[in-house]
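K.L.:
Questions regarding the structure given below will be posed in turn.
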Amino acid sequence: MSDAEPPAWPPSPLTWPAEPLSDGVVDLDRLTDDDVPRLVVGAGDSETARWIPVPHPYTARDAREFLALVEEAAQEGRMLAFGLRRAGQAPLCGAVALHLEGRVGEAEIGFWVAPDARGEGLAPRGVRLVARHAISALGCHRLELLTHPDNTASQRACERAGALREGVRRAGIARDDREPLDAVVYSLLPGDLAAARA
Ligand SMILES: CC(C)(COP(=O)(O)OP(=O)(O)OC[C@H]1O[C@@H](n2cnc3c(N)ncnc32)[C@H](O)[C@@H]1OP(=O)(O)O)[C@@H](O)C(=O)NCCC(=O)NCCS
C-alpha cells in the first residue's frame with residue numbers, strides 16, 4: 001500500500017482556461033453579464049425547461065443569479081460552466097457545464113443550446129471540448145452525460161460527441177420538488193475522444 005496522499009477532489013478552486021477552449025468552429029469561455037439576454041432566450045426556452053431544472057419562466061434576474069452561482073461553484077470546485085459561442089463571435093449559443101461533485105476522477109457534463117442555434121452540431125462540439133479539458137487539465141478519467149429516455153435530441157448529441165450509451169439508471173435524474181426522472185447514461189472516456197477524432 002502506498003502512503004501517498006489521495007488526490008484532492010474536486011480540485012478547488014476551479015479556474016477557467018486562460019484562452020477559450022476552441023475547435024475552430026465553437027469557442028467555450030467564461031459567461032459574463034453581457035450574456036444575460038441570451039441566457040434568458042436559451043435557458044428560458046420551453047424545451048430546455050422540459051429537460052433541465054431551470055426556473056420557468058426564466059428572467060434576467062434568474063440569469064444573474066445563475067452567473068453568481070457559476071462563480072461560487074467554481075470557487076468551491078463544484079462546477080465549471082462555459083458559454084458556448086460560434087468561433088470568434090460574441091453572441092451566446094448555449095452553455096456547457098462540468099460538474100465535479102462525484103467520485104474522484106469522475107465528472108458529469110450538462111448542456112443546452114438556444115433554439116435558434118440547434119441542429120448545427122454545436123452541443124457535441126462543446127461537450128468534446130469540455131471533456132478534453134476535464135481529462136487533460138483536471139485529470140478526469142470518466143465523463144458522464146445523463147439524458148431522459150424521451151430526449152432523443154440530447155441522445156443524438158451525446159452520440160455525436162463520441163459518448164457511449166451504458167443503459168438506463170432508473171430515477172437517476174433528481175429534481176427538487178418533483179418525482180425523479182429516469183436517466184439514459186452515456187459515458188465518455190479518454191479513448192472515446194480519440195476514437196471520435198479519428
Ligand atoms: C439537446 C441539445 C443540446 C442538442 O444541441 P444541438 O447543438 O442542436 O445538437 P445537434 O446539432 O447535434 O442535434 C442533435 C439532435 O437535435 C435534433 N435537432 C436538429 N435540429 C433541431 C432543431 N432545429 N431544433 C430542435 N432539435 C433539433 C435532432 O434530433 C438532432 O439529431 P440528428 O441530427 O441526428 O437528427 C438541444 O436540442 C437542447 O438544448 N435541447 C434542450 C435542452 C436539453 O435537452 N439539454 C440536454 C439535457 S441532457
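Residues in the C-alpha cells are numbered from 1 in each chain, the chains being A, B, ... in the order shown, and ligands are numbered from 1 in the order shown.
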Run DSSP on the backbone and grab whatever in range 30-82 of chain A lands in alpha helix (DSSP H); send it over as number ranges by chain.
P.N.:
A: 36-43, 46-51, 60-75
K.L.:
Go through chain A residue by residue and, counting only C-alpha atoms and all ligand atoms, keep those with an atom at most 6 Å from ligand 1; for each kept residue give the shortest atom pair and its distance in Å to one decimal, ordered by chain and increasing number, as a tab-separated table.
P.N.:
```
residue	atom	partner	partner_atom_place_in_ligand_line	distance
A:Glu47	CA	ligand 1	41 (C)	4.9
A:Thr48	CA	ligand 1	41 (C)	3.8
A:Trp51	CA	ligand 1	44 (O)	5.1
A:Ile52	CA	ligand 1	47 (C)	5.9
A:Phe111	CA	ligand 1	45 (N)	5.1
A:Trp112	CA	ligand 1	39 (O)	3.4
A:Val113	CA	ligand 1	39 (O)	3.7
A:Ala114	CA	ligand 1	39 (O)	5.9
A:Pro115	CA	ligand 1	24 (N)	5.9
A:Arg118	CA	ligand 1	8 (O)	3.2
A:Gly119	CA	ligand 1	20 (N)	3.2
A:Glu120	CA	ligand 1	11 (O)	4.0
A:Gly121	CA	ligand 1	11 (O)	3.2
A:Leu122	CA	ligand 1	7 (O)	4.0
A:Ala123	CA	ligand 1	7 (O)	3.8
A:Pro124	CA	ligand 1	12 (O)	5.6
A:Leu146	CA	ligand 1	48 (S)	5.5
A:Thr147	CA	ligand 1	48 (S)	4.0
A:Ala153	CA	ligand 1	15 (C)	3.7
A:Ser154	CA	ligand 1	1 (C)	3.6
A:Arg156	CA	ligand 1	31 (O)	4.8
A:Ala157	CA	ligand 1	12 (O)	4.1
```
K.L.:
Atoms to include: C-alpha atoms. Write the selected residues as a PDB file, in the first residue's frame.
P.N.:
```
ATOM      1  CA  GLU A  47     -37.702  22.607 -24.447  1.00  0.00           C
ATOM      2  CA  THR A  48     -34.763  23.472 -22.176  1.00  0.00           C
ATOM      3  CA  TRP A  51     -35.321  18.561 -19.559  1.00  0.00           C
ATOM      4  CA  ILE A  52     -33.249  20.763 -17.250  1.00  0.00           C
ATOM      5  CA  PHE A 111     -25.602  21.298 -21.764  1.00  0.00           C
ATOM      6  CA  TRP A 112     -28.225  23.269 -23.619  1.00  0.00           C
ATOM      7  CA  VAL A 113     -28.280  25.168 -26.905  1.00  0.00           C
ATOM      8  CA  ALA A 114     -30.613  28.072 -27.706  1.00  0.00           C
ATOM      9  CA  PRO A 115     -33.443  27.178 -30.131  1.00  0.00           C
ATOM     10  CA  ARG A 118     -29.858  23.918 -32.668  1.00  0.00           C
ATOM     11  CA  GLY A 119     -29.170  21.300 -35.300  1.00  0.00           C
ATOM     12  CA  GLU A 120     -25.680  22.584 -36.179  1.00  0.00           C
ATOM     13  CA  GLY A 121     -23.743  20.150 -34.008  1.00  0.00           C
ATOM     14  CA  LEU A 122     -22.686  22.881 -31.571  1.00  0.00           C
ATOM     15  CA  ALA A 123     -23.545  20.873 -28.427  1.00  0.00           C
ATOM     16  CA  PRO A 124     -21.465  17.806 -29.385  1.00  0.00           C
ATOM     17  CA  LEU A 146     -27.425  11.862 -18.340  1.00  0.00           C
ATOM     18  CA  THR A 147     -30.487  12.297 -20.543  1.00  0.00           C
ATOM     19  CA  ALA A 153     -32.118  15.270 -29.415  1.00  0.00           C
ATOM     20  CA  SER A 154     -29.848  15.088 -26.393  1.00  0.00           C
ATOM     21  CA  ARG A 156     -28.119  12.190 -30.605  1.00  0.00           C
ATOM     22  CA  ALA A 157     -25.861  14.997 -29.371  1.00  0.00           C
TER      23      ALA A 157
END
```
K.L.:
Considering only C-alpha atoms, state which residue in the set A:Leu31, A:Val40, A:Ala95, A:Leu14 is at the smallest distance from Gln75 in chain A.
P.N.:
A:Leu14
K.L.:
Mind checking which residues fall within 10 Å of Asp23 in chain A, counting only C-alpha atoms, ignoring those fewer than 3 positions away in the same chain, and posting them as a CSV table (one decimal) with C-alpha atoms, in the first residue's frame?
P.N.:
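File written: out38.csv
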```csv
chain,number,residue,atom,x,y,z
A,20,PRO,CA,-11.1,30.0,-24.8
A,26,VAL,CA,-17.1,26.8,-31.5
A,27,ASP,CA,-15.5,28.6,-28.6
A,28,LEU,CA,-16.1,27.9,-24.9
A,87,ALA,CA,-15.8,30.7,-33.0
A,125,ARG,CA,-18.5,20.1,-30.2
A,126,GLY,CA,-18.9,21.8,-26.8
A,128,ARG,CA,-16.0,17.2,-26.6
A,129,LEU,CA,-14.0,20.4,-25.8
```
K.L.:
For Gly191 in chain A, find every residue with an atom within 12 Å (counting only C-alpha atoms), except residues of its own chain fewer than 3 positions away, and show them as a list in words.
P.N.:
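Close residues of Gly191 in chain A: Ala131, Arg132, Ile135, His141, Arg142, Leu143, Gly162, Ala163, Leu164, Ser187, Leu188, Ala194, Ala195, Ala196, Arg197 and Ala198 of chain A.
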K.L.:
Apply DSSP to the backbone of this structure and, from range 3-194 of chain A, keep only the residues in strand (DSSP E or B); write these as a PyMOL selection string.
P.N.:
chain A and resi 21-22+26-29+79-86+92-99+106-113+142-147+164-173+181-188
K.L.:
Just write the chosen residues, N, CA and C atoms, as a compact mmCIF listing (two decimals), in the first residue's frame.
P.N.:
```
# COMPACT_ATOMS: atom_id res chain seq x y z
N LEU A 21 -11.56 27.58 -24.90
CA LEU A 21 -11.42 26.25 -25.50
C LEU A 21 -12.04 26.36 -26.89
N SER A 22 -11.34 25.90 -27.91
CA SER A 22 -11.85 26.09 -29.27
C SER A 22 -11.46 24.94 -30.17
N VAL A 26 -16.44 26.18 -32.67
CA VAL A 26 -17.06 26.76 -31.48
C VAL A 26 -15.97 27.18 -30.49
N ASP A 27 -16.29 28.19 -29.71
CA ASP A 27 -15.45 28.63 -28.59
C ASP A 27 -16.24 28.41 -27.30
N LEU A 28 -15.52 28.03 -26.26
CA LEU A 28 -16.11 27.94 -24.92
C LEU A 28 -15.33 28.86 -24.02
N ASP A 29 -16.01 29.81 -23.39
CA ASP A 29 -15.30 30.71 -22.50
C ASP A 29 -16.20 31.08 -21.33
N MET A 79 -18.27 23.12 -9.89
CA MET A 79 -18.76 23.19 -11.28
C MET A 79 -18.01 24.26 -12.05
N LEU A 80 -17.74 23.96 -13.32
CA LEU A 80 -17.18 24.95 -14.23
C LEU A 80 -18.17 25.05 -15.39
N ALA A 81 -18.82 26.21 -15.54
CA ALA A 81 -19.82 26.37 -16.60
C ALA A 81 -19.29 27.33 -17.66
N PHE A 82 -19.33 26.91 -18.90
CA PHE A 82 -18.80 27.70 -20.01
C PHE A 82 -19.92 28.24 -20.89
N GLY A 83 -19.68 29.40 -21.48
CA GLY A 83 -20.55 29.90 -22.53
C GLY A 83 -20.10 29.28 -23.85
N LEU A 84 -21.07 28.86 -24.67
CA LEU A 84 -20.80 28.22 -25.97
C LEU A 84 -21.12 29.23 -27.07
N ARG A 85 -20.13 29.51 -27.91
CA ARG A 85 -20.32 30.52 -28.98
C ARG A 85 -19.78 29.99 -30.30
N ARG A 86 -20.26 30.55 -31.41
CA ARG A 86 -19.60 30.25 -32.68
C ARG A 86 -18.22 30.91 -32.62
N LEU A 92 -24.08 34.47 -27.37
CA LEU A 92 -24.11 33.17 -26.70
C LEU A 92 -25.06 32.22 -27.43
N CYS A 93 -24.57 31.02 -27.75
CA CYS A 93 -25.42 30.00 -28.39
C CYS A 93 -25.90 28.96 -27.39
N GLY A 94 -25.18 28.79 -26.30
CA GLY A 94 -25.56 27.76 -25.34
C GLY A 94 -24.63 27.76 -24.15
N ALA A 95 -24.76 26.71 -23.35
CA ALA A 95 -23.89 26.58 -22.17
C ALA A 95 -23.54 25.11 -21.98
N VAL A 96 -22.33 24.87 -21.52
CA VAL A 96 -21.87 23.51 -21.21
C VAL A 96 -21.26 23.57 -19.82
N ALA A 97 -21.76 22.71 -18.93
CA ALA A 97 -21.28 22.75 -17.54
C ALA A 97 -20.65 21.42 -17.16
N LEU A 98 -19.55 21.53 -16.42
CA LEU A 98 -18.83 20.36 -15.93
C LEU A 98 -19.06 20.30 -14.42
N HIS A 99 -19.68 19.22 -13.97
CA HIS A 99 -19.99 19.06 -12.53
C HIS A 99 -19.02 18.05 -11.93
N GLU A 106 -14.13 11.52 -11.67
CA GLU A 106 -15.35 11.43 -12.48
C GLU A 106 -16.07 12.79 -12.47
N ALA A 107 -16.70 13.11 -13.58
CA ALA A 107 -17.46 14.36 -13.66
C ALA A 107 -18.63 14.16 -14.60
N GLU A 108 -19.61 15.05 -14.47
CA GLU A 108 -20.80 14.99 -15.34
C GLU A 108 -20.84 16.24 -16.20
N ILE A 109 -21.26 16.08 -17.42
CA ILE A 109 -21.38 17.23 -18.33
C ILE A 109 -22.86 17.45 -18.64
N GLY A 110 -23.31 18.69 -18.47
CA GLY A 110 -24.68 19.07 -18.83
C GLY A 110 -24.63 20.18 -19.87
N PHE A 111 -25.68 20.31 -20.68
CA PHE A 111 -25.60 21.30 -21.76
C PHE A 111 -26.98 21.69 -22.26
N TRP A 112 -27.06 22.87 -22.83
CA TRP A 112 -28.22 23.27 -23.62
C TRP A 112 -27.75 24.20 -24.73
N VAL A 113 -28.56 24.26 -25.78
CA VAL A 113 -28.28 25.17 -26.91
C VAL A 113 -29.56 25.96 -27.17
N ARG A 142 -13.32 9.78 -16.41
CA ARG A 142 -14.65 9.37 -16.86
C ARG A 142 -15.59 10.57 -16.82
N LEU A 143 -16.22 10.86 -17.96
CA LEU A 143 -17.24 11.91 -18.03
C LEU A 143 -18.57 11.24 -18.28
N GLU A 144 -19.57 11.68 -17.53
CA GLU A 144 -20.89 11.07 -17.65
C GLU A 144 -21.88 12.09 -18.17
N LEU A 145 -22.82 11.64 -19.01
CA LEU A 145 -23.87 12.51 -19.53
C LEU A 145 -25.19 11.80 -19.29
N LEU A 146 -26.14 12.47 -18.68
CA LEU A 146 -27.42 11.86 -18.34
C LEU A 146 -28.53 12.53 -19.14
N THR A 147 -29.36 11.71 -19.81
CA THR A 147 -30.49 12.30 -20.54
C THR A 147 -31.74 11.47 -20.28
N LEU A 164 -20.61 6.81 -25.28
CA LEU A 164 -21.23 5.51 -25.44
C LEU A 164 -22.39 5.35 -24.46
N ARG A 165 -23.49 4.79 -24.95
CA ARG A 165 -24.67 4.56 -24.12
C ARG A 165 -24.44 3.34 -23.23
N GLU A 166 -24.66 3.52 -21.92
CA GLU A 166 -24.42 2.40 -20.99
C GLU A 166 -25.71 1.72 -20.56
N GLY A 167 -26.82 2.46 -20.51
CA GLY A 167 -28.08 1.88 -20.06
C GLY A 167 -28.93 2.91 -19.38
N VAL A 168 -29.99 2.45 -18.71
CA VAL A 168 -30.91 3.37 -18.03
C VAL A 168 -30.71 3.26 -16.52
N ARG A 169 -30.45 4.40 -15.90
CA ARG A 169 -30.43 4.45 -14.42
C ARG A 169 -31.80 4.94 -13.97
N ARG A 170 -32.56 4.04 -13.38
CA ARG A 170 -33.92 4.41 -13.00
C ARG A 170 -33.91 5.49 -11.93
N ALA A 171 -34.81 6.46 -12.06
CA ALA A 171 -34.90 7.59 -11.12
C ALA A 171 -33.53 8.24 -10.94
N GLY A 172 -32.80 8.33 -12.06
CA GLY A 172 -31.41 8.81 -11.98
C GLY A 172 -31.24 10.30 -12.08
N ILE A 173 -32.31 11.03 -12.44
CA ILE A 173 -32.21 12.49 -12.52
C ILE A 173 -33.05 13.09 -11.39
N LEU A 181 -36.55 11.65 -12.50
CA LEU A 181 -36.74 11.11 -13.85
C LEU A 181 -35.74 9.97 -14.09
N ASP A 182 -36.14 9.01 -14.94
CA ASP A 182 -35.17 8.01 -15.37
C ASP A 182 -34.09 8.70 -16.21
N ALA A 183 -32.90 8.08 -16.23
CA ALA A 183 -31.80 8.68 -16.98
C ALA A 183 -31.15 7.65 -17.89
N VAL A 184 -30.97 8.01 -19.16
CA VAL A 184 -30.11 7.22 -20.03
C VAL A 184 -28.68 7.70 -19.75
N VAL A 185 -27.82 6.76 -19.39
CA VAL A 185 -26.44 7.12 -19.02
C VAL A 185 -25.52 6.93 -20.21
N TYR A 186 -24.80 7.98 -20.54
CA TYR A 186 -23.73 7.93 -21.54
C TYR A 186 -22.41 8.22 -20.82
N SER A 187 -21.34 7.64 -21.32
CA SER A 187 -20.02 7.97 -20.76
C SER A 187 -19.04 8.26 -21.88
N LEU A 188 -18.11 9.13 -21.54
CA LEU A 188 -17.01 9.49 -22.45
C LEU A 188 -15.72 9.22 -21.70
```
K.L.:
Restricting the calculation to only C-alpha atoms: of A:Ala60, A:Val54, A:Ala161, A:Leu100, which residue gets closest to Ala73 in chain A?
P.N.:
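Closest residue, counting only C-alpha atoms: A:Leu100.
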K.L.:
Measuring atom to atom with only C-alpha atoms, identify which of A:Asp116, A:Pro91, A:Asp62, A:Gly105 is nearest to Gly139 in chain A.
P.N.:
A:Gly105
K.L.:
When you count only C-alpha atoms, which of these residues is closest to Gln89 in chain A: A:Ala43, A:Cys158, A:Ala74, A:Val25?
P.N.:
A:Val25
K.L.:
Tell me, in Å to one decimal, how far CA of Leu138 in chain A is from CA of Trp9 in chain A.
P.N.:
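Those two atoms sit 9.7 Å apart.
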